[in-house]
Every structure is written in structure tokens, then in C-alpha cells.
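Worksheet: one structure, shown below.
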Amino acid sequence: MQAAALIQLGMEARIGPEETDVIEQIIMPLQVALEREVIYRSIEAERQKAYQRSIRDSLTGLFTRLYMLDVMERHCSVHDRNDSAPVAALMVDVDHFKRINDTHGHAAGDEVLKQVARVLQESIRETDIPVRFGGEEFILFLVGASAFGMPDYAERIRSAIERHRFAIQADQEIVVTVSVGAAMRRQYESLDELIRRADGALYRAKQGGRNRVELIGSG
């Protein structure tokens, strides 16, 4: 709405054929405009739903790898131009996930993944990018100020998941842990190389006994 007018009459006004005709002439374009706006908003809402479906993992609600490639290339470009806008990658893997599936069933495994994703989202800032990387693996990209706190974020995530009680049935809870490998991006480093180094740190965390964090700096 761009404008509105309220007219208060001092006495009751007689509405005859001429007044009715004027009112109808005003109503018709308003009705058309309102109907057109409803259609436009409906189309935009459906477009947004389709876009969200394309960039969100259907199980966990985290971002997909396709979205990751698009948005992280832009963040890496910013970091290449400005070293005070760092990027860090945290690779997170659910420990002994196959055992969870084999013992409790795939439905329980899916529930674990959904709850892990929820804890991850609650542990980071809105500007950071949580991604379902595949299977029981997740990757979190910390950008800007968050990246400077990479060690604290990694340990906070590991600890939060260890403390969380995963309800896989109405009367059953299990303890789940994760291993975390974290790497700080070097300027001009490719996204693939950053992920590879974070994955290498994750491998060391698993080799070191799981439920732990391994860090790699940018040096």
C-alpha cells in the first residue's frame, strides 16, 4: 500500500446510481490489483520452496554439496582478496555409525543424523555454512570472525554431541560421539584442497581413538 485516505462525513450521505457507479469503477481495478498481488506472492512462495529443496538435504535440513560449491567459492574469493576474512573447515564424522545402524536399525541411524545436524546448527553462527557432506559425514565452514575461533568451535561441537542424549525411540536413548578434523584455509588455496586437509585431520582424530579433535592451521 502506498497511500490511504479516510473520509469522515458529517451527516448520512445518500448513495444513488451515480455514486454506486463511481464506487464500482474504483473497486474493479483494486480487485484486479489485489488478485494479481496474490498470484505473484503465491508464485514467489513456490519458487522459494523449490529453491530451498534444491539447496537443503532432505533428511537433515543442512545445505547440500551443490550449494556448498557455489557459496564457498564466493567466500574463498573474498578471503583471497582480504586475509582478515578467513575461512575454516570442520569435518565432522559420526563415530561407529555402522554399528548404530546394525544394532538399532536404519530408522534409528537416520534419527541420529537428524539430531546431530540439529546440534551442529545450534553450535554455530547464522553466517556459517553447515553441509551434509555424505553419509554420516558433515562439514562446517566457519567464515569471518568464526574462523578465528576454529579450535573452540570444534571442541564445542564435539562436546555438545557427546553430552546430547539421542532419543532413537520413545523409551530408548543412546550416546553418540563424533570425531572432528579442522583446517584453516590458506589464501589462494582451492576448496578441494581445504576439504582434503580437513579430511586428513579427521582421519588422524579417528586413528587417535575417536571422539576427539585434530586441528591444522594455515601454515
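As shown in the C-alpha cells, the chain order sets the letters A, B, ...; within each chain, residues go from 1, and ligands are also counted from 1 in the order they appear.
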| said: Among segment 1-203 of chain A, which residues does DSSP mark as strand (DSSP E or B) when it is run on the backbone? Keep the chain and numbering as in the structure and answer as a VMD selection string. | reply: chain A and resid 56 63 87 to 94 129 to 134 137 to 143 165 to 169 172 to 175 178 to 184
| message | If we count only C-alpha atoms and set the cut-off at 12 Å, which residues sit around Gly149 of chain A, ignoring sequence neighbours fewer than 5 positions away in its own chain? Please answer as number ranges by chain. | response | A: 86-90, 124-125, 141-144, 154-156, 182-184, 215, 217
| request: Might you pull out every residue within 9 Å of Val112 of chain A, with only C-alpha atoms counted and same-chain residues fewer than 6 positions away left off, and present them as a ChimeraX atom specification? | output: /A:100,166-168,176
Let's have the selection written as an mmCIF file, in the first residue's frame, with C-alpha atoms.
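Writing the result to part-v5.cif gives the following:
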```cif
data_model
loop_
_atom_site.group_PDB
_atom_site.id
_atom_site.type_symbol
_atom_site.label_atom_id
_atom_site.label_comp_id
_atom_site.auth_asym_id
_atom_site.auth_seq_id
_atom_site.Cartn_x
_atom_site.Cartn_y
_atom_site.Cartn_z
ATOM 1 C CA ILE A 100 24.335 -47.846 15.221
ATOM 2 C CA PHE A 166 19.948 -39.230 21.350
ATOM 3 C CA ALA A 167 16.374 -40.475 21.647
ATOM 4 C CA ILE A 168 16.024 -43.118 18.934
ATOM 5 C CA VAL A 176 26.775 -40.732 20.203
#
```
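Relative to atom CA of Ile157 of chain A, atom CA of Val78 of chain A is found at 26.1 Å.
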| query | So, counting only C-alpha atoms, which residue among A:Arg118, A:Arg65, A:His75, A:Arg47 is closest to Gly134 of chain A? | reply | A:Arg65
| Distance of atom CA of Glu126 of chain A from atom CA of Val92 of chain A, expressed in Å to one decimal place | 18.3 Å
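In this comparison, which uses only C-alpha atoms, the residue of A:Ala5, A:Val94, A:Leu120, A:Ala107 approaching Glu136 of chain A most closely is A:Val94.
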| query | Glu189 of chain A: which residues within 10 Å, counting only C-alpha atoms, same-chain residues fewer than 6 positions away excluded, as a PyMOL selection string? | reply | chain A and resi 76-77+79-80+218
| Skipping near chain neighbours, those fewer than 3 positions away, what residues fall within 8 Å of Leu191 of chain A using only C-alpha atoms, listed as a PyMOL selection string? | chain A and resi 72-73+76+194-195
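As for atom CA of Gln31 of chain A and atom CA of Ala45 of chain A, they are spaced 21.1 Å apart.
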| query | Near Val119 of chain A, within 10 Å and counting only C-alpha atoms, which residues show up once chain neighbours fewer than 4 positions away are dropped, as a count of residues only? | reply | 10
| request: Could you check which of A:Pro130, A:Ser146, A:Gly109, A:Glu193 is closest to Ile55 of chain A, using only C-alpha atoms? | output: A:Pro130
| task | Tell me which protein, DNA and RNA residues are within 7 Å of Arg212 of chain A, counting only C-alpha atoms, leaving out same-chain ones fewer than 3 positions away, and put them as a PyMOL selection string. | result | chain A and resi 179-180+205
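Shortest atom-to-atom contact with Ala117 of chain A among A:Tyr67, A:Tyr203, A:Phe148, A:Phe138: A:Phe138, counting only C-alpha atoms.
Every residue of segment 119-186 of chain A found in alpha helix (DSSP H) when DSSP is run on the backbone appears here: Val119, Leu120, Gln121, Glu122, Ser123, Ala145, Ser146, Ala147, Phe148, Met150, Pro151, Asp152, Tyr153, Ala154, Glu155, Arg156, Ile157, Arg158, Ser159, Ala160, Ile161, Glu162 and Arg163 of chain A.
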Dump as a PDB file, in the first residue's frame, selection limited to C-alpha atoms:
```pdb
ATOM      1  CA  VAL A 119      23.246 -29.830  17.425  1.00  0.00           C
ATOM      2  CA  LEU A 120      25.577 -28.568  14.706  1.00  0.00           C
ATOM      3  CA  GLN A 121      23.169 -25.801  13.732  1.00  0.00           C
ATOM      4  CA  GLU A 122      22.766 -24.757  17.367  1.00  0.00           C
ATOM      5  CA  SER A 123      26.547 -24.614  17.863  1.00  0.00           C
ATOM      6  CA  ALA A 145      35.179 -13.978  12.905  1.00  0.00           C
ATOM      7  CA  SER A 146      34.048 -17.579  13.473  1.00  0.00           C
ATOM      8  CA  ALA A 147      37.129 -18.918  11.669  1.00  0.00           C
ATOM      9  CA  PHE A 148      39.432 -17.223  14.171  1.00  0.00           C
ATOM     10  CA  MET A 150      38.119 -22.601  14.984  1.00  0.00           C
ATOM     11  CA  PRO A 151      39.628 -24.624  17.894  1.00  0.00           C
ATOM     12  CA  ASP A 152      36.901 -23.524  20.315  1.00  0.00           C
ATOM     13  CA  TYR A 153      34.128 -24.223  17.799  1.00  0.00           C
ATOM     14  CA  ALA A 154      35.489 -27.687  17.043  1.00  0.00           C
ATOM     15  CA  GLU A 155      35.706 -28.661  20.711  1.00  0.00           C
ATOM     16  CA  ARG A 156      32.320 -27.110  21.474  1.00  0.00           C
ATOM     17  CA  ILE A 157      30.700 -29.223  18.748  1.00  0.00           C
ATOM     18  CA  ARG A 158      32.418 -32.422  19.872  1.00  0.00           C
ATOM     19  CA  SER A 159      31.435 -31.819  23.487  1.00  0.00           C
ATOM     20  CA  ALA A 160      27.838 -30.818  22.676  1.00  0.00           C
ATOM     21  CA  ILE A 161      27.230 -34.019  20.737  1.00  0.00           C
ATOM     22  CA  GLU A 162      28.831 -36.165  23.439  1.00  0.00           C
ATOM     23  CA  ARG A 163      26.514 -34.583  26.062  1.00  0.00           C
TER      24      ARG A 163
END
```
